[in-house]
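model20.cif, holding mmCIF, C-alpha atoms and all ligand atoms:
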```cif
data_model
#
loop_
_atom_site.group_PDB
_atom_site.id
_atom_site.type_symbol
_atom_site.label_atom_id
_atom_site.label_comp_id
_atom_site.auth_asym_id
_atom_site.auth_seq_id
_atom_site.Cartn_x
_atom_site.Cartn_y
_atom_site.Cartn_z
ATOM 1 C CA MET A 1 130.503 97.442 92.000
ATOM 2 C CA GLU A 2 130.333 101.133 91.104
ATOM 3 C CA HIS A 3 128.811 103.484 93.635
ATOM 4 C CA ALA A 4 125.905 104.482 91.324
ATOM 5 C CA HIS A 5 125.009 100.831 90.687
ATOM 6 C CA LEU A 6 125.225 100.007 94.369
ATOM 7 C CA ALA A 7 122.860 102.885 95.208
ATOM 8 C CA GLU A 8 120.435 101.665 92.519
ATOM 9 C CA LEU A 9 120.576 98.116 93.890
ATOM 10 C CA LEU A 10 119.899 99.301 97.447
ATOM 11 C CA GLN A 11 116.941 101.378 96.205
ATOM 12 C CA TRP A 12 115.605 98.305 94.407
ATOM 13 C CA TYR A 13 115.812 96.270 97.609
ATOM 14 C CA ALA A 14 113.963 99.024 99.495
ATOM 15 C CA ASP A 15 111.282 99.192 96.752
ATOM 16 C CA VAL A 16 110.536 95.455 96.947
ATOM 17 C CA GLY A 17 110.339 95.611 100.723
ATOM 18 C CA ALA A 18 113.656 93.943 101.574
ATOM 19 C CA ASP A 19 114.298 96.578 104.198
ATOM 20 C CA GLU A 20 115.745 94.511 107.022
ATOM 21 C CA ALA A 21 118.885 92.451 107.528
ATOM 22 C CA THR A 22 117.926 88.894 108.446
ATOM 23 C CA GLY A 23 121.355 87.381 109.010
ATOM 24 C CA ASP A 24 125.070 88.022 109.072
ATOM 25 C CA ALA A 25 126.003 85.682 106.218
ATOM 26 C CA GLU A 26 126.085 87.197 102.757
ATOM 27 C CA GLN A 27 123.510 85.716 100.349
ATOM 28 C CA ASN A 28 123.341 86.089 96.601
ATOM 29 C CA ARG A 29 119.637 86.437 95.944
ATOM 30 C CA LEU A 30 120.272 87.233 92.279
ATOM 31 C CA ARG A 31 121.845 83.816 91.638
ATOM 32 C CA VAL A 32 120.049 81.871 88.925
ATOM 33 C CA PRO A 33 119.070 78.443 90.339
ATOM 34 C CA GLU A 34 121.007 75.572 88.774
ATOM 35 C CA LYS A 35 117.914 73.497 88.102
ATOM 36 C CA THR A 36 114.492 74.730 87.062
ATOM 37 C CA PRO A 37 111.693 73.119 89.123
ATOM 38 C CA GLU A 38 109.703 70.439 87.327
ATOM 39 C CA LYS A 39 106.397 71.646 88.754
ATOM 40 C CA SER A 40 104.355 74.524 87.310
ATOM 41 C CA THR A 41 106.159 77.815 87.865
ATOM 42 C CA ILE A 42 103.173 80.102 87.355
ATOM 43 C CA LEU A 43 103.759 82.446 90.265
ATOM 44 C CA PRO A 44 101.147 84.498 92.102
ATOM 45 C CA ILE A 45 101.338 88.093 90.836
ATOM 46 C CA SER A 46 102.228 89.096 94.380
ATOM 47 C CA GLN A 47 105.377 87.042 94.263
ATOM 48 C CA VAL A 48 107.880 89.436 92.811
ATOM 49 C CA ARG A 49 110.709 86.949 92.937
ATOM 50 C CA LYS A 50 111.487 83.679 94.570
ATOM 51 C CA MET A 51 113.615 84.291 97.666
ATOM 52 C CA ASP A 52 115.889 81.328 98.090
ATOM 53 C CA LYS A 53 116.348 79.937 101.596
ATOM 54 C CA ALA A 54 118.301 76.817 102.463
ATOM 55 C CA GLU A 55 115.699 74.453 101.014
ATOM 56 C CA PRO A 56 113.232 76.386 98.857
ATOM 57 C CA ALA A 57 109.806 74.773 98.757
ATOM 58 C CA PRO A 58 108.304 74.151 95.316
ATOM 59 C CA VAL A 59 106.432 77.128 93.929
ATOM 60 C CA ILE A 60 102.882 76.407 92.893
ATOM 61 C CA GLY A 61 100.258 78.486 91.111
ATOM 62 C CA ALA A 62 97.779 80.599 93.048
ATOM 63 C CA ILE A 63 94.731 78.494 92.147
ATOM 64 C CA GLU A 64 96.482 75.308 93.199
ATOM 65 C CA ALA A 65 97.589 77.062 96.381
ATOM 66 C CA MET A 66 94.008 78.056 97.229
ATOM 67 C CA LYS A 67 92.800 74.479 96.676
ATOM 68 C CA GLU A 68 95.607 73.059 98.753
ATOM 69 C CA ALA A 69 94.970 75.588 101.536
ATOM 70 C CA ALA A 70 91.285 74.613 101.582
ATOM 71 C CA ALA A 71 92.112 70.882 101.764
ATOM 72 C CA LEU A 72 94.735 71.333 104.502
ATOM 73 C CA ALA A 73 92.476 73.602 106.535
ATOM 74 C CA ALA A 74 89.547 71.174 106.307
ATOM 75 C CA ALA A 75 91.776 68.278 107.405
ATOM 76 C CA ALA A 76 92.946 70.069 110.571
ATOM 77 C CA LYS A 77 90.964 68.796 113.557
ATOM 78 C CA THR A 78 92.565 70.956 116.258
ATOM 79 C CA VAL A 79 94.099 74.429 116.519
ATOM 80 C CA ALA A 80 97.527 72.792 116.915
ATOM 81 C CA GLU A 81 97.017 70.753 113.734
ATOM 82 C CA LEU A 82 95.936 73.881 111.895
ATOM 83 C CA ARG A 83 99.025 75.733 113.050
ATOM 84 C CA ALA A 84 101.207 72.891 111.755
ATOM 85 C CA ALA A 85 99.309 72.904 108.443
ATOM 86 C CA VAL A 86 99.855 76.658 108.002
ATOM 87 C CA GLU A 87 103.501 76.329 108.961
ATOM 88 C CA ASN A 88 104.141 73.513 106.473
ATOM 89 C CA PHE A 89 102.092 75.030 103.638
ATOM 90 C CA SER A 90 104.383 76.258 100.870
ATOM 91 C CA GLY A 91 101.795 77.899 98.597
ATOM 92 C CA LEU A 92 102.281 81.378 99.968
ATOM 93 C CA ALA A 93 105.525 83.101 98.999
ATOM 94 C CA LEU A 94 105.255 85.344 102.084
ATOM 95 C CA LYS A 95 106.503 82.445 104.155
ATOM 96 C CA ARG A 96 109.902 82.801 102.539
ATOM 97 C CA THR A 97 110.301 86.498 103.258
ATOM 98 C CA ALA A 98 108.836 86.486 106.779
ATOM 99 C CA THR A 99 110.970 85.619 109.803
ATOM 100 C CA GLN A 100 108.442 83.272 111.367
ATOM 101 C CA ILE A 101 104.785 82.327 111.498
ATOM 102 C CA VAL A 102 102.376 84.522 113.450
ATOM 103 C CA PHE A 103 99.502 82.225 114.282
ATOM 104 C CA GLY A 104 97.762 83.072 117.528
ATOM 105 C CA ASP A 105 98.178 84.221 121.087
ATOM 106 C CA GLY A 106 96.103 83.938 124.220
ATOM 107 C CA ASN A 107 93.636 81.317 125.288
ATOM 108 C CA PRO A 108 92.307 79.248 122.353
ATOM 109 C CA GLU A 109 89.537 77.946 124.662
ATOM 110 C CA SER A 110 88.322 81.488 125.120
ATOM 111 C CA ARG A 111 84.862 82.610 124.001
ATOM 112 C CA ILE A 112 86.232 85.803 122.423
ATOM 113 C CA MET A 113 88.305 85.769 119.283
ATOM 114 C CA VAL A 114 90.045 88.989 118.271
ATOM 115 C CA ILE A 115 91.240 89.110 114.657
ATOM 116 C CA GLY A 116 93.564 91.578 112.913
ATOM 117 C CA ASP A 117 94.539 91.621 109.254
ATOM 118 C CA ALA A 118 98.264 90.880 108.955
ATOM 119 C CA PRO A 119 101.343 90.810 111.159
ATOM 120 C CA GLY A 120 103.780 93.714 110.959
ATOM 121 C CA THR A 121 107.435 94.070 111.871
ATOM 122 C CA ASP A 122 106.977 93.643 115.640
ATOM 123 C CA GLU A 123 104.771 90.584 115.202
ATOM 124 C CA ASP A 124 107.212 89.058 112.701
ATOM 125 C CA ARG A 125 109.975 89.386 115.298
ATOM 126 C CA ALA A 126 107.935 88.186 118.264
ATOM 127 C CA GLY A 127 105.923 85.466 116.490
ATOM 128 C CA ILE A 128 102.651 86.610 118.070
ATOM 129 C CA PRO A 129 99.894 88.923 116.814
ATOM 130 C CA PHE A 130 99.655 92.496 118.081
ATOM 131 C CA ALA A 131 103.096 92.448 119.650
ATOM 132 C CA GLY A 132 104.367 96.048 119.486
ATOM 133 C CA ALA A 133 102.920 99.411 120.475
ATOM 134 C CA ASN A 134 99.666 98.502 118.692
ATOM 135 C CA GLY A 135 99.483 95.365 120.800
ATOM 136 C CA GLN A 136 100.112 97.245 124.016
ATOM 137 C CA LEU A 137 97.244 99.604 123.280
ATOM 138 C CA LEU A 138 95.000 96.728 122.214
ATOM 139 C CA ASP A 139 95.804 94.920 125.482
ATOM 140 C CA LYS A 140 94.918 98.066 127.447
ATOM 141 C CA MET A 141 91.652 98.421 125.553
ATOM 142 C CA LEU A 142 90.681 94.801 126.147
ATOM 143 C CA GLY A 143 91.908 94.971 129.740
ATOM 144 C CA ALA A 144 89.530 97.874 130.370
ATOM 145 C CA ILE A 145 86.626 95.431 129.978
ATOM 146 C CA GLY A 146 88.287 92.554 131.819
ATOM 147 C CA LEU A 147 89.790 90.703 128.863
ATOM 148 C CA THR A 148 93.368 89.430 128.956
ATOM 149 C CA ARG A 149 95.362 87.170 126.652
ATOM 150 C CA SER A 150 96.451 85.013 129.567
ATOM 151 C CA GLU A 151 92.872 84.318 130.576
ATOM 152 C CA ASN A 152 89.907 84.944 128.358
ATOM 153 C CA VAL A 153 90.802 86.226 124.920
ATOM 154 C CA TYR A 154 92.368 84.622 121.859
ATOM 155 C CA ILE A 155 94.033 86.812 119.233
ATOM 156 C CA THR A 156 94.945 85.933 115.662
ATOM 157 C CA THR A 157 95.384 87.443 112.207
ATOM 158 C CA ILE A 158 93.957 86.682 108.753
ATOM 159 C CA LEU A 159 97.412 86.376 107.218
ATOM 160 C CA ASN A 160 99.941 84.428 109.234
ATOM 161 C CA TRP A 161 103.050 85.902 107.669
ATOM 162 C CA ARG A 162 104.349 89.469 107.445
ATOM 163 C CA THR A 163 104.265 91.004 103.973
ATOM 164 C CA PRO A 164 107.566 92.449 102.664
ATOM 165 C CA GLY A 165 107.916 96.023 103.866
ATOM 166 C CA ASN A 166 104.493 95.680 105.558
ATOM 167 C CA ARG A 167 102.757 96.387 102.254
ATOM 168 C CA ALA A 168 99.026 95.694 101.995
ATOM 169 C CA PRO A 169 98.393 92.009 101.225
ATOM 170 C CA SER A 170 97.366 91.240 97.642
ATOM 171 C CA LYS A 171 93.979 89.707 96.817
ATOM 172 C CA GLU A 172 95.700 86.398 96.033
ATOM 173 C CA GLU A 173 97.496 86.357 99.369
ATOM 174 C CA ILE A 174 94.203 87.016 101.125
ATOM 175 C CA ASP A 175 92.333 84.381 99.111
ATOM 176 C CA ILE A 176 95.002 81.778 99.850
ATOM 177 C CA SER A 177 94.898 82.639 103.572
ATOM 178 C CA LEU A 178 91.104 82.652 103.919
ATOM 179 C CA PRO A 179 90.552 78.881 104.247
ATOM 180 C CA PHE A 180 92.993 78.846 107.176
ATOM 181 C CA ILE A 181 91.438 81.727 109.111
ATOM 182 C CA ARG A 182 87.925 80.417 108.448
ATOM 183 C CA ARG A 183 88.921 77.017 109.813
ATOM 184 C CA HIS A 184 90.729 78.719 112.695
ATOM 185 C CA ILE A 185 87.453 80.411 113.665
ATOM 186 C CA GLU A 186 85.532 77.132 113.320
ATOM 187 C CA LEU A 187 87.986 75.300 115.585
ATOM 188 C CA VAL A 188 88.066 77.996 118.283
ATOM 189 C CA SER A 189 84.294 78.329 117.946
ATOM 190 C CA PRO A 190 84.053 81.648 119.802
ATOM 191 C CA ALA A 191 80.851 83.183 121.163
ATOM 192 C CA MET A 192 81.973 86.529 119.743
ATOM 193 C CA ILE A 193 84.364 87.838 117.105
ATOM 194 C CA VAL A 194 86.041 91.234 117.402
ATOM 195 C CA LEU A 195 87.648 92.408 114.185
ATOM 196 C CA VAL A 196 90.401 94.953 114.639
ATOM 197 C CA GLY A 197 90.693 97.546 111.879
ATOM 198 C CA GLY A 198 88.853 98.151 108.633
ATOM 199 C CA ALA A 199 90.969 95.756 106.564
ATOM 200 C CA ALA A 200 90.217 92.726 108.763
ATOM 201 C CA ALA A 201 86.534 93.669 108.887
ATOM 202 C CA LYS A 202 86.159 94.093 105.141
ATOM 203 C CA ILE A 203 87.895 90.800 104.389
ATOM 204 C CA LEU A 204 86.050 88.586 106.852
ATOM 205 C CA LEU A 205 82.671 90.268 106.569
ATOM 206 C CA GLU A 206 83.053 90.526 102.777
ATOM 207 C CA SER A 207 82.017 94.157 103.012
ATOM 208 C CA LYS A 208 82.982 97.260 101.093
ATOM 209 C CA GLU A 209 81.702 99.564 103.841
ATOM 210 C CA PRO A 210 84.195 101.849 105.605
ATOM 211 C CA ILE A 211 85.014 101.003 109.227
ATOM 212 C CA SER A 212 83.065 104.075 110.368
ATOM 213 C CA ARG A 213 79.908 102.298 109.125
ATOM 214 C CA LEU A 214 80.866 98.833 110.378
ATOM 215 C CA ARG A 215 81.850 99.715 113.959
ATOM 216 C CA GLY A 216 79.418 100.281 116.826
ATOM 217 C CA LYS A 217 76.975 97.536 115.897
ATOM 218 C CA TRP A 218 76.575 93.784 115.818
ATOM 219 C CA LEU A 219 77.154 92.019 112.543
ATOM 220 C CA ASP A 220 77.093 88.346 111.679
ATOM 221 C CA TYR A 221 80.005 86.089 110.812
ATOM 222 C CA ALA A 222 78.650 82.624 109.906
ATOM 223 C CA GLY A 223 76.135 82.780 112.761
ATOM 224 C CA THR A 224 78.541 84.287 115.327
ATOM 225 C CA PRO A 225 78.060 87.887 116.512
ATOM 226 C CA ALA A 226 80.900 90.014 115.201
ATOM 227 C CA THR A 227 81.862 93.612 115.705
ATOM 228 C CA VAL A 228 84.644 95.928 114.640
ATOM 229 C CA LEU A 229 87.082 98.032 116.661
ATOM 230 C CA TYR A 230 89.213 100.853 115.360
ATOM 231 C CA HIS A 231 92.801 99.693 114.883
ATOM 232 C CA PRO A 232 95.065 100.791 117.785
ATOM 233 C CA GLU A 233 97.449 102.396 115.290
ATOM 234 C CA TYR A 234 94.620 104.613 114.032
ATOM 235 C CA LEU A 235 93.652 105.455 117.622
ATOM 236 C CA MET A 236 97.221 106.523 118.396
ATOM 237 C CA GLN A 237 97.126 108.839 115.391
ATOM 238 C CA SER A 238 93.576 110.063 116.060
ATOM 239 C CA PRO A 239 93.207 110.174 119.862
ATOM 240 C CA ALA A 240 89.839 111.944 119.521
ATOM 241 C CA GLN A 241 88.440 108.587 118.357
ATOM 242 C CA LYS A 242 89.387 106.876 121.637
ATOM 243 C CA LYS A 243 86.033 107.957 123.060
ATOM 244 C CA THR A 244 84.284 106.115 120.223
ATOM 245 C CA ALA A 245 86.480 103.061 120.802
ATOM 246 C CA TRP A 246 85.526 103.121 124.476
ATOM 247 C CA GLU A 247 81.834 103.097 123.513
ATOM 248 C CA ASP A 248 82.538 100.106 121.256
ATOM 249 C CA LEU A 249 84.296 98.291 124.094
ATOM 250 C CA GLN A 250 81.361 98.913 126.411
ATOM 251 C CA MET A 251 79.061 97.497 123.763
ATOM 252 C CA ILE A 252 81.287 94.385 123.637
ATOM 253 C CA GLU A 253 81.254 94.060 127.437
ATOM 254 C CA ALA A 254 77.455 94.284 127.531
ATOM 255 C CA LYS A 255 77.149 91.598 124.843
ATOM 256 C CA LEU A 256 79.581 89.309 126.655
ATOM 257 C CA LYS A 257 77.456 89.586 129.779
ATOM 258 C CA GLU A 258 74.313 88.931 127.764
ATOM 259 C CA LEU A 259 75.943 85.814 126.255
ATOM 260 C CA GLY A 260 77.199 84.717 129.678
ATOM 261 C CA ALA A 261 80.693 84.659 128.205
ATOM 262 C CA LEU A 262 82.445 86.938 130.689
HETATM 263 N N1 LIG A 301 97.674 94.858 113.014
HETATM 264 C C1 LIG A 301 98.736 94.917 113.851
HETATM 265 O O1 LIG A 301 99.248 95.987 114.152
HETATM 266 N N2 LIG A 301 99.221 93.756 114.351
HETATM 267 C C2 LIG A 301 98.692 92.557 114.048
HETATM 268 O O2 LIG A 301 99.191 91.541 114.555
HETATM 269 C C3 LIG A 301 97.587 92.523 113.183
HETATM 270 C C4 LIG A 301 97.090 93.672 112.674
#
```

Kindly transcribe the structure held in the file into C-alpha cells.
Ligand code: URA
Amino acid sequence: MEHAHLAELLQWYADVGADEATGDAEQNRLRVPEKTPEKSTILPISQVRKMDKAEPAPVIGAIEAMKEAAALAAAAKTVAELRAAVENFSGLALKRTATQIVFGDGNPESRIMVIGDAPGTDEDRAGIPFAGANGQLLDKMLGAIGLTRSENVYITTILNWRTPGNRAPSKEEIDISLPFIRRHIELVSPAMIVLVGGAAAKILLESKEPISRLRGKWLDYAGTPATVLYHPEYLMQSPAQKKTAWEDLQMIEAKLKELGAL
C-alpha cells in the first residue's frame, strides 16, 4: 500500500476510536462477510461498523435491543445473574470493541452504591470500574469517610463496556444500558446512591441541570436518597474544587450515620 494511503487509513482508524492494538495477529476488518445475516441489519447509529471477532453475534436494531435488555434485566434475580445477562447480551455493539465487561467492584451487599457513567481505558483493561488514577482518587475520597471497596461500598457504571476511543456514549447506547443499571440498583437495593460526575447524574436522575446545581444536596432516585460527587478526573484538573468535594463527602457521612448504614 502506498505511504499516503497508509497514513489515511491510520488516521481513519484513529478517528473511529480504534486507537489500541488488541492482539498480535493481523486481522482484516475491511473484509466483506461471506454471508449476510438473515436477521434485521438496521444498526444503531452509534455503530459505525461491525467489528468482526471470532464468532460475531447477530446485529439487531436499537429498539429490539432496548426491549431485549429490559426483558433480560427483569429476568435476572441476583447480581450474578444480571452480570451474566449483560455479558451474554449482544444488542450493544460496544461489546465487540471493548476488551471485557466492566460490571461492578466492591461489596454488593453494601448499603452504598457508587455509580459512574462509563468505563475508560484503565477500566477496560482491569475489568473493574474506577480502576486507574481516577479510581485511586475516588478510593481516597471514599476512604476519608470510612468507605472501602473491600468492606462497605459497591461501585458500578451505567454502561458496562468502554466506548471506542472513550468517546461520550450515544443516546441509544445509554437507552439500551438503562434497564441493566436500573435492575442492578434494584438488586443491590442500597440505602444511598452516590453518582460520580455530571454525566452519570444527568442520566440516572433524568436531569438537565449542571453538576454544580446537583451536588451538595439530597435528591431522589426511585425512593432512595441520591447525591452527586464531582468526578475525580475533574478534581485532579481543578484542585480548588477538592474543598467542595470534601464538604460533599461529609454530607454523605452524616447521612450514612443518620440512616444507620455506616
Ligand atoms: N469514570 C471513570 O473514570 N471510571 C469509571 O469506571 C466510570 C466513570

**OP:** Could you tell me, counting all atoms listed in the file, which protein and nucleic acid residues lie no more than 8 Å from ligand LIG 301 (chain A), written as JSON, numbers by chain?
**Re:** {"A": [102, 115, 116, 117, 118, 119, 120, 122, 123, 128, 129, 130, 131, 132, 134, 135, 156, 157, 196, 197, 200, 231, 232, 233]}

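Taking atom CA of Ile211 of chain A as the reference point, atom CA of Ala199 of chain A is found at 8.4 Å.
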
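The gap separating atom CA of Val114 of chain A from atom CA of Val153 of chain A is 7.2 Å, in Å to one decimal.
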
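Closest approach to Arg182 of chain A among A:Val79, A:Pro210, A:Arg162, A:Met236: A:Val79, based on only C-alpha atoms.
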
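Atom CA of Ala70 of chain A lies 24.2 Å from atom CA of Asp124 of chain A.
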
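Compared by their closest atoms to Leu256 of chain A, and using all atoms listed in the file, the residues A:Gly223, A:Pro169, A:Gly146, A:Gly198 rank with A:Gly146 nearest.
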
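Evaluating the PyMOL selection byres (((chain A and resi 145) around 8) and not hetatm) against the shown model yields Met141, Leu142, Gly143, Ala144, Gly146, Leu147, Leu249, Gln250 and Glu253 of chain A.
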
Prev. selection, C-alpha atoms, output as a compact mmCIF listing (two decimals), keeping the file's coordinate frame:
```
# COMPACT_ATOMS: atom_id res chain seq x y z
CA MET A 141 91.65 98.42 125.55
CA LEU A 142 90.68 94.80 126.15
CA GLY A 143 91.91 94.97 129.74
CA ALA A 144 89.53 97.87 130.37
CA GLY A 146 88.29 92.55 131.82
CA LEU A 147 89.79 90.70 128.86
CA LEU A 249 84.30 98.29 124.09
CA GLN A 250 81.36 98.91 126.41
CA GLU A 253 81.25 94.06 127.44
```

For this structure, which residues satisfy the selection - the PyMOL selection byres (((chain A and resi 214) around 10) and not hetatm) - when it is evaluated on the file as given? I want them as a short mmCIF file (atom, residue, chain, number, x, y, z; two decimals) with C-alpha atoms, keeping the file's coordinate frame.
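This went into result-v1.cif:
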```cif
data_model
loop_
_atom_site.label_atom_id
_atom_site.label_comp_id
_atom_site.auth_asym_id
_atom_site.auth_seq_id
_atom_site.Cartn_x
_atom_site.Cartn_y
_atom_site.Cartn_z
CA GLY A 198 88.85 98.15 108.63
CA ALA A 201 86.53 93.67 108.89
CA LYS A 202 86.16 94.09 105.14
CA LEU A 205 82.67 90.27 106.57
CA SER A 207 82.02 94.16 103.01
CA LYS A 208 82.98 97.26 101.09
CA GLU A 209 81.70 99.56 103.84
CA PRO A 210 84.20 101.85 105.60
CA ILE A 211 85.01 101.00 109.23
CA SER A 212 83.06 104.08 110.37
CA ARG A 213 79.91 102.30 109.12
CA ARG A 215 81.85 99.72 113.96
CA GLY A 216 79.42 100.28 116.83
CA LYS A 217 76.97 97.54 115.90
CA TRP A 218 76.58 93.78 115.82
CA LEU A 219 77.15 92.02 112.54
CA THR A 227 81.86 93.61 115.70
CA VAL A 228 84.64 95.93 114.64
CA LEU A 229 87.08 98.03 116.66
CA TYR A 230 89.21 100.85 115.36
#
```

Subject >> Contacts of Ala73 of chain A at 12 Å (only C-alpha atoms; same-chain gap of 2+ positions) as a count of residues only >> reply: 34

**OP:** Starting from the displayed file, determine the output of the PyMOL selection byres (((chain A and resi 150) around 12) and not hetatm) and express the residue list as number ranges by chain.
**Re:** A: 105-110, 139, 142-143, 146-149, 151-155

Just-selected residues, C-alpha atoms written as a PDB file, in the frame of the given file:
```pdb
ATOM      1  CA  ASP A 105      98.178  84.221 121.087  1.00  0.00           C
ATOM      2  CA  GLY A 106      96.103  83.938 124.220  1.00  0.00           C
ATOM      3  CA  ASN A 107      93.636  81.317 125.288  1.00  0.00           C
ATOM      4  CA  PRO A 108      92.307  79.248 122.353  1.00  0.00           C
ATOM      5  CA  GLU A 109      89.537  77.946 124.662  1.00  0.00           C
ATOM      6  CA  SER A 110      88.322  81.488 125.120  1.00  0.00           C
ATOM      7  CA  ASP A 139      95.804  94.920 125.482  1.00  0.00           C
ATOM      8  CA  LEU A 142      90.681  94.801 126.147  1.00  0.00           C
ATOM      9  CA  GLY A 143      91.908  94.971 129.740  1.00  0.00           C
ATOM     10  CA  GLY A 146      88.287  92.554 131.819  1.00  0.00           C
ATOM     11  CA  LEU A 147      89.790  90.703 128.863  1.00  0.00           C
ATOM     12  CA  THR A 148      93.368  89.430 128.956  1.00  0.00           C
ATOM     13  CA  ARG A 149      95.362  87.170 126.652  1.00  0.00           C
ATOM     14  CA  GLU A 151      92.872  84.318 130.576  1.00  0.00           C
ATOM     15  CA  ASN A 152      89.907  84.944 128.358  1.00  0.00           C
ATOM     16  CA  VAL A 153      90.802  86.226 124.920  1.00  0.00           C
ATOM     17  CA  TYR A 154      92.368  84.622 121.859  1.00  0.00           C
ATOM     18  CA  ILE A 155      94.033  86.812 119.233  1.00  0.00           C
TER      19      ILE A 155
END
```

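Considering only C-alpha atoms, the residue among A:Leu159, A:Leu235, A:Ile193, A:Leu72 positioned nearest to Phe103 of chain A is A:Leu159.
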
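Proximity of A:Val188, A:Val194, A:Ile158, A:Leu138 to Lys242 of chain A, computed with only C-alpha atoms, is greatest for A:Leu138.
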
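Closest to Trp246 of chain A among A:Glu64, A:Arg167, A:Lys140, A:Leu204 is A:Lys140, based on all atoms listed in the file.
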
Starting from the incomplete input, reconstruct N, CA, C and O atoms of segment 160-175 of chain A and report them as a compact mmCIF listing (two decimals), in the frame of the given file.
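Okay, this is what ended up in out.txt:
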```txt
# COMPACT_ATOMS: atom_id res chain seq x y z
N ASN A 160 99.07 84.91 108.16
CA ASN A 160 99.94 84.43 109.23
C ASN A 160 101.41 84.75 109.00
O ASN A 160 102.28 84.28 109.74
N TRP A 161 101.66 85.55 107.97
CA TRP A 161 103.05 85.90 107.67
C TRP A 161 103.10 87.39 107.35
O TRP A 161 102.19 87.92 106.70
N ARG A 162 104.17 88.05 107.76
CA ARG A 162 104.35 89.47 107.44
C ARG A 162 104.55 89.64 105.94
O ARG A 162 105.22 88.82 105.31
N THR A 163 104.00 90.70 105.39
CA THR A 163 104.26 91.00 103.97
C THR A 163 105.57 91.80 103.88
O THR A 163 105.88 92.55 104.81
N PRO A 164 106.31 91.69 102.78
CA PRO A 164 107.57 92.45 102.66
C PRO A 164 107.30 93.95 102.81
O PRO A 164 106.40 94.50 102.17
N GLY A 165 108.05 94.58 103.67
CA GLY A 165 107.92 96.02 103.87
C GLY A 165 106.57 96.42 104.46
O GLY A 165 106.17 97.58 104.38
N ASN A 166 105.83 95.44 104.99
CA ASN A 166 104.49 95.68 105.56
C ASN A 166 103.51 96.25 104.53
O ASN A 166 102.61 97.01 104.88
N ARG A 167 103.70 95.90 103.26
CA ARG A 167 102.76 96.39 102.25
C ARG A 167 101.41 95.71 102.47
O ARG A 167 101.31 94.68 103.15
N ALA A 168 100.35 96.30 101.87
CA ALA A 168 99.03 95.69 102.00
C ALA A 168 99.05 94.34 101.29
O ALA A 168 99.63 94.20 100.22
N PRO A 169 98.41 93.32 101.89
CA PRO A 169 98.39 92.01 101.22
C PRO A 169 97.63 92.07 99.91
O PRO A 169 96.67 92.83 99.79
N SER A 170 98.07 91.27 98.93
CA SER A 170 97.37 91.24 97.64
C SER A 170 96.10 90.40 97.78
O SER A 170 95.96 89.63 98.75
N LYS A 171 95.22 90.50 96.79
CA LYS A 171 93.98 89.71 96.82
C LYS A 171 94.31 88.21 96.84
O LYS A 171 93.66 87.44 97.55
N GLU A 172 95.32 87.82 96.06
CA GLU A 172 95.70 86.40 96.03
C GLU A 172 96.18 85.92 97.40
O GLU A 172 95.82 84.83 97.85
N GLU A 173 96.98 86.75 98.04
CA GLU A 173 97.50 86.36 99.37
C GLU A 173 96.33 86.21 100.35
O GLU A 173 96.33 85.30 101.19
N ILE A 174 95.37 87.10 100.23
CA ILE A 174 94.20 87.02 101.12
C ILE A 174 93.40 85.76 100.79
O ILE A 174 93.04 84.98 101.69
N ASP A 175 93.15 85.54 99.51
CA ASP A 175 92.33 84.38 99.11
C ASP A 175 92.98 83.07 99.54
O ASP A 175 92.29 82.12 99.93
```
